[in-house]
Every structure is written in C-alpha cells, then in structure tokens.
Amino acid sequence: VFALPPKEYGAVDPAHPEQAEFFHLPVLMFMLITLLNDGTLMAIGYDRVVPQPRPQKWNLPVLFFIAAVLAGVACVSSLLLLWMTLDSIHQYEHSWFYKMGMPPADYPHIITMIYLKVSISDFLTLFSSRTQDQPFFQYAPSRILMVAATVSLFVSTIV
C-alpha cells in the first residue's frame with residue numbers, strides 16, 4: 001500500500017486532499033468487515049461435518065502453508081486491484097480499465113472497490129477452507145451458514 005501513493009497517480013479524495021500520502025480504508029469499513037465476518041464465522045459451528053471415529057490430529061505445517069497461500073493470494077489480488085484502479089487515473093489510455101471499456105476510477109470509487117474486494121473475498125475464503133480432503137463444493141454448507149454468508153454478502157454489497 002505504501003508503494004502505491006494515490007497522490008502520484010493523481011487520485012485525491014476531494015473531501016480530504018491531505019490524506020493522499022497513502023491509500024487507506026476508513027475505520028468504519030474495517031469494523032463492518034469484521035462484524036460481518038465474525039457473524040459468518042460463528043455460523044460455521046453449525047456447518048455439516050462428517051464426524052471421524054477418532055479425534056483429529058492437526059497437521060500444523062500444512063495448515064500454516066495453506067493459510068499463507070490463501071493470505072498471499074488475497075494480498076496480491078488486493079494490491080493488483082489497487083494498482084489497476086490507480087493506473088486508470090494516471091495512464092487511462094494504457095490501463096486495464098480502458099481495455100475493458102470502463103471509465104477511470106475516482107478516489108471514492110477506488111475505496112469502494114477495495115472494500116468490496118476485501119469483504120467479499122473474506123466471506124468466500126471461508127467456503128474454500130471448510131473441507132480437508134475434498135473440494136469445497138462437494139459438501140453443501142448448512143442452511144445457517146448459507147443464510148449467514150448470504151446476509152453478510154448482501155449487507156456488504158449494499159453498503
């Protein structure tokens with residue numbers, strides 16, 4: 001985030017031009033992401049599981065590796081989206097937005113895009129990590145988990 005200062009790309013929040021030194025999301029957005037994500041995570045306690053006859057032993061190196069890969073993908077994709085949106089302002093004719101027929105993004109739209117990307121990817125990562133040996137789509141989630149995730153996605157998108 002510090003490597004992509006909005007001021008260098010010509011992206012300045014008209015309401016707060018002094019805050020263009022580095023990109024930031026408002027604290028209220030982080031609080032909303034946290035609350036909605038916690039609600040979805042609490043619902044996973046009611047998810048459908050296949051019980052094992054013996055207690056499970058955690059394979060911590062594999063768990064840490066998978067967590068690092070998921071975190072790395074989330075971080076790189078967020079930074080890539082931030083760069084693409086900032087670049088749409090700086091060099092519009094050479095940007096991805098221009099090639100896709102989209103108008104350049106202004107600072108409030110950049111904040112909204114990053115907020116949606118972070119919140120939605122957080123909620124959906126839960127589904128990719130709920131099974132161990134099978135693909136995540138092999139077992140349907142419980143109704144409570146689906147309702148919690150749908151409500152979180154809906155509220156996050158509406159905001």
# chains A, B, ... in the order shown; residues from 1 in each chain; ligands from 1
$ residues_around --residues "Phe97 in chain A" --least-positions-apart "2" --cutoff "12 Å" --atoms "only C-alpha atoms" --output "VMD selection string"
chain A and resid 81 83 to 95 99 to 105
$ select_by_dssp --residues "chain A" --states "helix (DSSP H, G or I)" --output "PyMOL selection string"
chain A and resi 6-9+17-19+27-46+60-90+92-94+96-99+107-128+143-158
$ closest_residue --among "A:Pro141, A:Lys57, A:Ala149, A:Tyr115" --to "Met31 in chain A" --atoms "only C-alpha atoms"
A:Tyr115
$ closest_atom_pairs --of "range 33-78 of chain A" --to "range 117-126 of chain A" --cutoff "9 Å" --atoms "only C-alpha atoms" --output "tab-separated table"
residue	atom	partner	partner_atom	distance
A:Ile33	CA	A:Ser119	CA	5.6
A:Thr34	CA	A:Ser119	CA	8.7
A:Leu36	CA	A:Phe123	CA	8.4
A:Asn37	CA	A:Phe123	CA	6.3
A:Thr40	CA	A:Phe123	CA	7.3
A:Leu41	CA	A:Leu126	CA	7.8
A:Ile44	CA	A:Leu126	CA	8.7
A:Leu70	CA	A:Thr125	CA	7.8
A:Ala74	CA	A:Ser121	CA	7.3
A:Ser77	CA	A:Lys117	CA	8.8
A:Ser78	CA	A:Lys117	CA	7.0
$ write_last_selection --atoms "all heavy atoms" --output "compact mmCIF listing (two decimals), in the first residue's frame"
# COMPACT_ATOMS: atom_id res chain seq x y z
N ILE A 33 -16.53 -4.95 8.05
CA ILE A 33 -15.99 -6.21 7.56
C ILE A 33 -15.80 -7.18 8.72
O ILE A 33 -16.16 -8.36 8.64
CB ILE A 33 -14.65 -5.99 6.82
CG1 ILE A 33 -14.89 -5.27 5.49
CG2 ILE A 33 -13.93 -7.31 6.58
CD1 ILE A 33 -13.61 -4.79 4.81
N THR A 34 -15.26 -6.70 9.83
CA THR A 34 -15.01 -7.55 11.00
C THR A 34 -16.32 -8.10 11.58
O THR A 34 -16.41 -9.30 11.86
CB THR A 34 -14.25 -6.77 12.07
OG1 THR A 34 -13.03 -6.28 11.50
CG2 THR A 34 -13.94 -7.63 13.27
N LEU A 36 -19.34 -8.45 10.11
CA LEU A 36 -19.99 -9.39 9.19
C LEU A 36 -19.21 -10.69 9.08
O LEU A 36 -19.80 -11.77 9.01
CB LEU A 36 -20.16 -8.74 7.82
CG LEU A 36 -21.11 -7.55 7.75
CD1 LEU A 36 -21.04 -6.87 6.40
CD2 LEU A 36 -22.53 -7.98 8.08
N ASN A 37 -17.89 -10.61 9.07
CA ASN A 37 -17.06 -11.80 9.00
C ASN A 37 -17.22 -12.65 10.27
O ASN A 37 -17.30 -13.88 10.20
CB ASN A 37 -15.60 -11.41 8.79
CG ASN A 37 -14.78 -12.55 8.24
OD1 ASN A 37 -15.31 -13.52 7.72
ND2 ASN A 37 -13.48 -12.42 8.36
N THR A 40 -20.45 -14.62 10.17
CA THR A 40 -20.34 -15.78 9.29
C THR A 40 -19.50 -16.87 9.95
O THR A 40 -19.83 -18.06 9.86
CB THR A 40 -19.72 -15.37 7.94
OG1 THR A 40 -20.48 -14.28 7.41
CG2 THR A 40 -19.74 -16.50 6.96
N LEU A 41 -18.42 -16.48 10.62
CA LEU A 41 -17.57 -17.48 11.28
C LEU A 41 -18.29 -18.17 12.44
O LEU A 41 -18.06 -19.36 12.69
CB LEU A 41 -16.28 -16.82 11.78
CG LEU A 41 -15.28 -16.45 10.69
CD1 LEU A 41 -14.11 -15.67 11.27
CD2 LEU A 41 -14.80 -17.68 9.97
N ILE A 44 -20.35 -21.09 11.22
CA ILE A 44 -19.67 -22.30 10.76
C ILE A 44 -19.71 -23.39 11.82
O ILE A 44 -19.56 -24.56 11.52
CB ILE A 44 -18.22 -22.01 10.31
CG1 ILE A 44 -17.75 -23.11 9.36
CG2 ILE A 44 -17.29 -21.87 11.49
CD1 ILE A 44 -16.47 -22.81 8.65
N LEU A 70 -3.43 -18.77 1.01
CA LEU A 70 -4.68 -18.02 0.94
C LEU A 70 -4.46 -16.54 1.25
O LEU A 70 -5.01 -15.66 0.58
CB LEU A 70 -5.72 -18.61 1.89
CG LEU A 70 -6.29 -19.97 1.50
CD1 LEU A 70 -7.18 -20.52 2.61
CD2 LEU A 70 -7.06 -19.89 0.20
N ALA A 74 -4.87 -13.34 -1.39
CA ALA A 74 -5.72 -12.20 -1.03
C ALA A 74 -4.94 -10.89 -1.07
O ALA A 74 -5.43 -9.88 -1.58
CB ALA A 74 -6.33 -12.42 0.35
N SER A 77 -3.90 -10.03 -4.81
CA SER A 77 -5.06 -9.61 -5.61
C SER A 77 -5.57 -8.24 -5.18
O SER A 77 -6.01 -7.45 -6.02
CB SER A 77 -6.16 -10.66 -5.56
OG SER A 77 -6.65 -10.82 -4.25
N SER A 78 -5.51 -7.93 -3.89
CA SER A 78 -5.92 -6.60 -3.42
C SER A 78 -4.98 -5.52 -3.95
O SER A 78 -5.42 -4.47 -4.41
CB SER A 78 -5.95 -6.55 -1.90
OG SER A 78 -6.93 -7.40 -1.39
$ residues_around --residues "Tyr139 in chain A" --least-positions-apart "4" --cutoff "9 Å" --atoms "only C-alpha atoms" --output "short mmCIF file (atom, residue, chain, number, x, y, z; two decimals) with N, CA and C atoms, in the first residue's frame"
data_model
loop_
_atom_site.label_atom_id
_atom_site.label_comp_id
_atom_site.auth_asym_id
_atom_site.auth_seq_id
_atom_site.Cartn_x
_atom_site.Cartn_y
_atom_site.Cartn_z
N ARG A 48 -22.40 -28.54 8.29
CA ARG A 48 -22.43 -30.00 8.14
C ARG A 48 -21.01 -30.53 8.16
N VAL A 49 -20.77 -31.51 8.99
CA VAL A 49 -19.45 -32.14 9.06
C VAL A 49 -19.62 -33.65 9.03
N THR A 131 -13.44 -27.74 4.07
CA THR A 131 -13.25 -29.17 3.92
C THR A 131 -11.75 -29.46 3.88
N GLN A 134 -11.55 -33.02 0.46
CA GLN A 134 -12.43 -32.94 -0.70
C GLN A 134 -12.49 -31.49 -1.18
N PRO A 135 -12.91 -31.31 -2.44
CA PRO A 135 -13.15 -29.94 -2.91
C PRO A 135 -14.26 -29.28 -2.09
#
$ closest_residue --among "A:Val73, A:Val151, A:Val159, A:Met42" --to "Leu28 in chain A" --atoms "only C-alpha atoms"
A:Val159
